[in-house]
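K.L.:
This structure is in structure tokens; I'll ask about it shortly.
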Amino acid sequence: MHIIERANYLHITTPVNILKSGQESRTFKQVVRPRLLVILNRFVIGGQSTDTIPLLYQLSKRYHVKIIYGKKEADEIAPLFLLEQYPGLTMIEVPAMQRTLNPVTDVVAFRNIVKEIKAFKPDIVHTHGAKSGFLGRLAARMCKVPVVVHTFHGHVFHSYFNRIISKAVVNTERLMASVTDAAIALSTSQRNEIVNTFKVFPRMKVHVIPLGLEMKLAGSDARMNFRDGYGLPSHEVAVGIIGRIVAIKNHHHYLRIAKNLLDSGCNNCTFFIIGDGNLAAALQQYLDENGTLYSTPHKPSAGAKVIFTSWLYDMPTVVAGLDIIALTSLNEGTPVSLIEAQMGGKPVIAYDVGGVADTFLDNVSGYLVPKGDIETFTQKLSQLIGNPQLRQDMGEQGKVYCTQKFSKVSEVNATDNLYISLLAKRNLATV
């Protein structure tokens with residue numbers, strides 16, 4: 001295990017009587033700054049880290065926070081810039097906790113998590129993601145941690161595995177509900193899937209807390225700087241998809257839509273693929289087979305209509321440089337890229353999967369397209385490309401909507417209030 005930073009912790013408990021209206025006096029243990037252990041799947045560029053690191057930075061003013069995370073994949077990048085923006089967090093890597101299923105390494109990871117729990121003695125263990133959620137919650141209950149919470153940033157109940165494995169995942173999560181005090185869904189759509197569609201958690205245990213973003217606006221020259229870097233003229237309409245290039249993100253549909261538009265004579269549009277992953281080569285092979293010129297960081301091509309940028313870290317500048325942000329995923333929780341796009345004043349277009357519908361207003365700040373409907377997606381995207389005023393109007397509506405709905409302050413307070421209520425049920429009172 002690699003320790004990025006450690007700190008000294010204070011944990012004082014004293015008995016205190018709290019009397020609520022209409023109730024008998026109860027004896028609580030008073031906890032000075034409760035200890036919060038957070039377990040992440042991996043610390044990589046993506047929505048989970050973008051959301052949780054700023055959240056934990058704010059919560060660290062009220063809790064002693066420690067973060068455990070698993071080993072990243074070879075094609076993933078650790079967002080070290082987040083630690084520069086939000087310094088002082090204690091983070092420990094558990095290399096044995098990996099994305100793939102492996103009984104040997106999973107047992108090692110479980111033992112390491114148990115070791116960390118026993119050393120830290122947390123009042124709350126909060127897990128994020130499938131692998132960390134399974135191992136972390138089991139370890140927390142075995143170590144008799146008072147409060148166990150799990151956040152569904154998305155879920156792996158469909159589209160990730162075959163039918164047999166997906167059913168096993170659902171059944172396992174139903175069992176995990178019994179060792180979980182509360183689950184957090186990032187949207188009402190996601191809660192409905194968890195509670196009603198897959199029936200893995202009782203409704204009373206699932207709390208909707210939308211993620212919150214702190215996005216700084218790009219400078220006035222950001223748009224020009226981004227576009228100049230790719231030789232993009234000012235009149236060109238730049239469409240972008242942002243995220244890992246993996247099967248669940250369904251980039252093949254994005255490229256099929258791009259090909260439809262290019263073949264129909266869309267001469268003033270360029271399609272960006274921002275991110276990286278194990279399917280990048282397959283996408284490039286598809287473009288080669290169809291005679292579409294593309295550009296990569298290692299092999300720039302002047303005049304390319306499809307541009308692979310690999311990972312970019314300055315999202316305000318990326319959003320400023322693009323005109324439209326698209327998403328074609330097979331399954332999603334709450335896609336951060338769509339929220340960041342709207343906060344930057346850009347319209348969005350996406351398949352209606354998971355919690356996507358809760359991230360923007362259909363026909364107001366973007367277009368929501370039935371899953372897999374390439375024809376409708378192409379038509380709607382064509383409308384956006386051909387109408388600058390429509391893009392501006394939708395961008396302005398989205399900025400107002402997302403700034404109000406996805407507040408980091410609201411997320412911090414809602415999470416804190418949930419922790420306090422759960423601690424109180426365990427006769428622990430915070431001060």
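By order in the structure tokens, chains are A, B, ...; within a chain, residues start at 1; ligands start at 1, following the order shown.
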Could you write out, as number ranges by chain, all the residues of range 210-418 of chain A that DSSP marks as helix (DSSP H, G or I)?

P.N.:
A: 222-229, 247-249, 251-263, 280-289, 315-321, 336-343, 356-358, 374-386, 388-405, 408-418

K.L.:
Can you check which parts of range 170-263 of chain A lie within 12 Å of range 390-404 of chain A? Per residue, the shortest pair of atoms and distance in Å to one decimal, counting only C-alpha atoms, sorted by chain and number, as a tab-separated table.

P.N.:
```
residue	atom	partner	partner_atom	distance
A:Pro210	CA	A:Cys402	CA	10.8
A:Leu211	CA	A:Cys402	CA	10.7
A:Gly212	CA	A:Thr403	CA	9.1
A:Leu213	CA	A:Thr403	CA	8.5
A:Glu214	CA	A:Thr403	CA	9.3
A:Met215	CA	A:Thr403	CA	9.5
A:Lys216	CA	A:Thr403	CA	11.5
A:Leu217	CA	A:Lys399	CA	11.2
A:Val237	CA	A:Arg391	CA	10.5
A:Ala238	CA	A:Arg391	CA	11.8
A:Val239	CA	A:Arg391	CA	11.7
```

K.L.:
I'd like to know which residues of range 229-336 of chain A are strand (DSSP E) (by DSSP, run on the backbone); could you write them as number ranges by chain?

P.N.:
A: 237-242, 269-274, 294-295, 306-310, 324-327

K.L.:
Which residues, written as a PyMOL selection string, have at least one atom at most 12 Å from Leu83 in chain A, with only C-alpha atoms counted and residues fewer than 6 positions away on the same chain left out?

P.N.:
chain A and resi 4-5+43-44+49-50+52-54+56-57+89-91

K.L.:
Would you put the residues from that selection into a file with N, CA and C atoms, as a JSON list (two decimals), in the first residue's frame?

P.N.:
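Below you can see out.json, which holds the result:
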```
[["chain", "number", "residue", "atom", "x", "y", "z"],
["A", 4, "ILE", "N", 0.04, 8.39, 0.46],
["A", 4, "ILE", "CA", 0.34, 9.70, -0.07],
["A", 4, "ILE", "C", 0.58, 10.67, 1.09],
["A", 5, "GLU", "N", -0.28, 10.60, 2.08],
["A", 5, "GLU", "CA", -0.14, 11.51, 3.21],
["A", 5, "GLU", "C", -0.86, 10.92, 4.41],
["A", 43, "PHE", "N", -8.75, 5.95, -8.25],
["A", 43, "PHE", "CA", -8.57, 7.39, -8.30],
["A", 43, "PHE", "C", -8.11, 7.74, -9.71],
["A", 44, "VAL", "N", -9.08, 7.99, -10.59],
["A", 44, "VAL", "CA", -8.79, 8.23, -12.01],
["A", 44, "VAL", "C", -9.67, 9.37, -12.51],
["A", 49, "SER", "N", -14.23, 10.66, -9.23],
["A", 49, "SER", "CA", -13.19, 11.47, -8.59],
["A", 49, "SER", "C", -13.53, 12.95, -8.64],
["A", 50, "THR", "N", -14.05, 13.41, -9.78],
["A", 50, "THR", "CA", -14.40, 14.83, -9.94],
["A", 50, "THR", "C", -15.43, 15.25, -8.90],
["A", 52, "THR", "N", -16.21, 13.33, -5.84],
["A", 52, "THR", "CA", -15.93, 13.00, -4.44],
["A", 52, "THR", "C", -14.77, 13.78, -3.84],
["A", 53, "ILE", "N", -13.73, 14.08, -4.59],
["A", 53, "ILE", "CA", -12.58, 14.76, -4.00],
["A", 53, "ILE", "C", -12.95, 16.16, -3.49],
["A", 54, "PRO", "N", -13.62, 17.01, -4.27],
["A", 54, "PRO", "CA", -14.08, 18.30, -3.71],
["A", 54, "PRO", "C", -15.06, 18.12, -2.56],
["A", 56, "LEU", "N", -15.17, 15.63, -0.36],
["A", 56, "LEU", "CA", -14.43, 15.22, 0.83],
["A", 56, "LEU", "C", -13.56, 16.34, 1.38],
["A", 57, "TYR", "N", -13.07, 17.18, 0.51],
["A", 57, "TYR", "CA", -12.30, 18.35, 0.96],
["A", 57, "TYR", "C", -13.16, 19.23, 1.85],
["A", 89, "LEU", "N", -5.77, 16.04, 1.82],
["A", 89, "LEU", "CA", -6.52, 14.80, 2.02],
["A", 89, "LEU", "C", -5.56, 13.63, 2.17],
["A", 90, "THR", "N", -5.91, 12.70, 3.05],
["A", 90, "THR", "CA", -5.11, 11.49, 3.25],
["A", 90, "THR", "C", -5.62, 10.40, 2.32],
["A", 91, "MET", "N", -4.73, 9.91, 1.45],
["A", 91, "MET", "CA", -5.13, 8.92, 0.46],
["A", 91, "MET", "C", -4.19, 7.74, 0.48]]
```

K.L.:
Rank nothing, just name the residue among A:Thr378, A:Asn41, A:Asn225, A:Thr151 nearest to Thr317 in chain A, using only C-alpha atoms.

P.N.:
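Distance minimum relative to Thr317 in chain A lands on A:Asn225.
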
K.L.:
Do you know which residues are at most 12 Å from Ala78 in chain A counting only C-alpha atoms, after dropping those on the same chain fewer than 4 positions away, and could you put them as a VMD selection string?

P.N.:
chain A and resid 42 to 46 48 to 50 69 to 74 82 to 83 93 311 to 313

K.L.:
Since we have the selection now, will you write its residues out, keeping N, CA and C atoms, as a short mmCIF file (atom, residue, chain, number, x, y, z; two decimals), in the first residue's frame?

P.N.:
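Saved result, result_4.cif, follows:
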```cif
data_model
loop_
_atom_site.label_atom_id
_atom_site.label_comp_id
_atom_site.auth_asym_id
_atom_site.auth_seq_id
_atom_site.Cartn_x
_atom_site.Cartn_y
_atom_site.Cartn_z
N ARG A 42 -11.32 3.47 -7.88
CA ARG A 42 -10.01 3.89 -8.36
C ARG A 42 -9.96 5.40 -8.31
N PHE A 43 -8.75 5.95 -8.25
CA PHE A 43 -8.57 7.39 -8.30
C PHE A 43 -8.11 7.74 -9.71
N VAL A 44 -9.08 7.99 -10.59
CA VAL A 44 -8.79 8.23 -12.01
C VAL A 44 -9.67 9.37 -12.51
N ILE A 45 -9.27 9.91 -13.68
CA ILE A 45 -10.09 10.96 -14.29
C ILE A 45 -11.45 10.38 -14.61
N GLY A 46 -12.48 11.06 -14.15
CA GLY A 46 -13.85 10.60 -14.37
C GLY A 46 -14.77 11.23 -13.34
N GLN A 48 -16.53 10.05 -10.84
CA GLN A 48 -16.45 9.69 -9.43
C GLN A 48 -15.43 10.54 -8.69
N SER A 49 -14.23 10.66 -9.23
CA SER A 49 -13.19 11.47 -8.59
C SER A 49 -13.53 12.95 -8.64
N THR A 50 -14.05 13.41 -9.78
CA THR A 50 -14.40 14.83 -9.94
C THR A 50 -15.43 15.25 -8.90
N TYR A 69 -8.28 3.79 -2.10
CA TYR A 69 -8.67 3.62 -3.50
C TYR A 69 -7.88 2.47 -4.13
N GLY A 70 -8.45 1.90 -5.19
CA GLY A 70 -7.85 0.75 -5.85
C GLY A 70 -6.89 1.13 -6.96
N LYS A 71 -6.32 0.11 -7.58
CA LYS A 71 -5.32 0.30 -8.63
C LYS A 71 -5.99 0.68 -9.94
N LYS A 72 -5.45 1.69 -10.61
CA LYS A 72 -6.01 2.12 -11.87
C LYS A 72 -5.60 1.19 -13.01
N GLU A 73 -6.36 1.24 -14.09
CA GLU A 73 -6.02 0.48 -15.29
C GLU A 73 -4.85 1.16 -16.03
N ALA A 74 -4.20 0.42 -16.91
CA ALA A 74 -3.03 0.95 -17.62
C ALA A 74 -3.38 2.16 -18.47
N LEU A 82 -6.45 17.37 -9.05
CA LEU A 82 -7.47 17.55 -8.01
C LEU A 82 -6.85 17.69 -6.63
N LEU A 83 -5.74 16.97 -6.39
CA LEU A 83 -5.07 17.07 -5.10
C LEU A 83 -4.37 18.41 -4.93
N GLU A 93 -3.46 3.98 -1.44
CA GLU A 93 -3.75 3.05 -2.52
C GLU A 93 -3.67 1.61 -2.02
N TRP A 311 -6.33 12.31 -23.13
CA TRP A 311 -6.85 12.96 -21.92
C TRP A 311 -6.50 14.44 -21.90
N LEU A 312 -7.48 15.26 -21.58
CA LEU A 312 -7.28 16.69 -21.36
C LEU A 312 -7.78 17.02 -19.96
N TYR A 313 -7.08 17.92 -19.27
CA TYR A 313 -7.38 18.16 -17.86
C TYR A 313 -8.15 19.45 -17.60
#
```

K.L.:
Residues within 9 Å of range 122-129 of chain A, please, as a ChimeraX atom specification. Count only C-alpha atoms; anything in the same chain fewer than 3 positions from it doesn't count.

P.N.:
/A:31,34-42,48,52,64,117-119,132-134,136-137,140,145-155,419,423,428

K.L.:
Would you save the residues from that selection as a PDB file, in the first residue's frame, using C-alpha atoms?

P.N.:
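Once written, result_20.pdb looks like this:
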```pdb
ATOM      1  CA  VAL A  31     -18.237  12.394  18.921  1.00  0.00           C
ATOM      2  CA  PRO A  34     -16.310  11.755  13.559  1.00  0.00           C
ATOM      3  CA  ARG A  35     -13.945   9.614  11.533  1.00  0.00           C
ATOM      4  CA  LEU A  36     -15.003   9.056   7.936  1.00  0.00           C
ATOM      5  CA  LEU A  37     -13.348   6.360   5.830  1.00  0.00           C
ATOM      6  CA  VAL A  38     -14.154   6.637   2.118  1.00  0.00           C
ATOM      7  CA  ILE A  39     -13.399   3.769  -0.276  1.00  0.00           C
ATOM      8  CA  LEU A  40     -13.220   4.487  -4.016  1.00  0.00           C
ATOM      9  CA  ASN A  41     -12.920   1.985  -6.839  1.00  0.00           C
ATOM     10  CA  ARG A  42     -10.006   3.887  -8.360  1.00  0.00           C
ATOM     11  CA  GLN A  48     -16.448   9.686  -9.428  1.00  0.00           C
ATOM     12  CA  THR A  52     -15.930  12.996  -4.443  1.00  0.00           C
ATOM     13  CA  HIS A  64     -11.505  13.325   9.990  1.00  0.00           C
ATOM     14  CA  ILE A 117     -10.458  -0.024   9.237  1.00  0.00           C
ATOM     15  CA  LYS A 118      -9.015  -1.502  12.420  1.00  0.00           C
ATOM     16  CA  ALA A 119      -6.202   1.053  12.453  1.00  0.00           C
ATOM     17  CA  SER A 132     -15.065  -1.077  -3.435  1.00  0.00           C
ATOM     18  CA  GLY A 133     -18.715  -1.196  -2.409  1.00  0.00           C
ATOM     19  CA  PHE A 134     -18.715  -4.970  -2.080  1.00  0.00           C
ATOM     20  CA  GLY A 136     -15.641  -2.210   1.734  1.00  0.00           C
ATOM     21  CA  ARG A 137     -19.120  -2.788   3.111  1.00  0.00           C
ATOM     22  CA  ALA A 140     -16.946  -2.484   7.603  1.00  0.00           C
ATOM     23  CA  VAL A 145     -18.324   0.079  11.999  1.00  0.00           C
ATOM     24  CA  PRO A 146     -21.379   1.985  13.299  1.00  0.00           C
ATOM     25  CA  VAL A 147     -22.520   3.465   9.974  1.00  0.00           C
ATOM     26  CA  VAL A 148     -22.089   2.061   6.442  1.00  0.00           C
ATOM     27  CA  VAL A 149     -23.111   4.108   3.376  1.00  0.00           C
ATOM     28  CA  HIS A 150     -22.815   3.352  -0.333  1.00  0.00           C
ATOM     29  CA  THR A 151     -23.124   5.698  -3.322  1.00  0.00           C
ATOM     30  CA  PHE A 152     -24.285   4.457  -6.711  1.00  0.00           C
ATOM     31  CA  HIS A 153     -22.488   6.746  -9.166  1.00  0.00           C
ATOM     32  CA  GLY A 154     -23.897   4.418 -11.785  1.00  0.00           C
ATOM     33  CA  HIS A 155     -24.507   0.694 -11.609  1.00  0.00           C
ATOM     34  CA  TYR A 419     -24.307  11.193   8.227  1.00  0.00           C
ATOM     35  CA  LEU A 423     -24.959   8.422  13.601  1.00  0.00           C
ATOM     36  CA  LEU A 428     -23.698   8.816  18.420  1.00  0.00           C
TER      37      LEU A 428
END
```

K.L.:
Point out the residue among A:Gly47, A:Pro202, A:Pro297, A:Gly291 with the least atom-to-atom distance to Glu332 in chain A, counting only C-alpha atoms.

P.N.:
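Under the stated criterion, the closest residue is A:Gly47.
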
K.L.:
I'd like to know which of A:Asn427, A:Leu186, A:Pro233, A:Gly321 is closest to Ala357 in chain A, using only C-alpha atoms.

P.N.:
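Nearest to Ala357 in chain A: A:Leu186.
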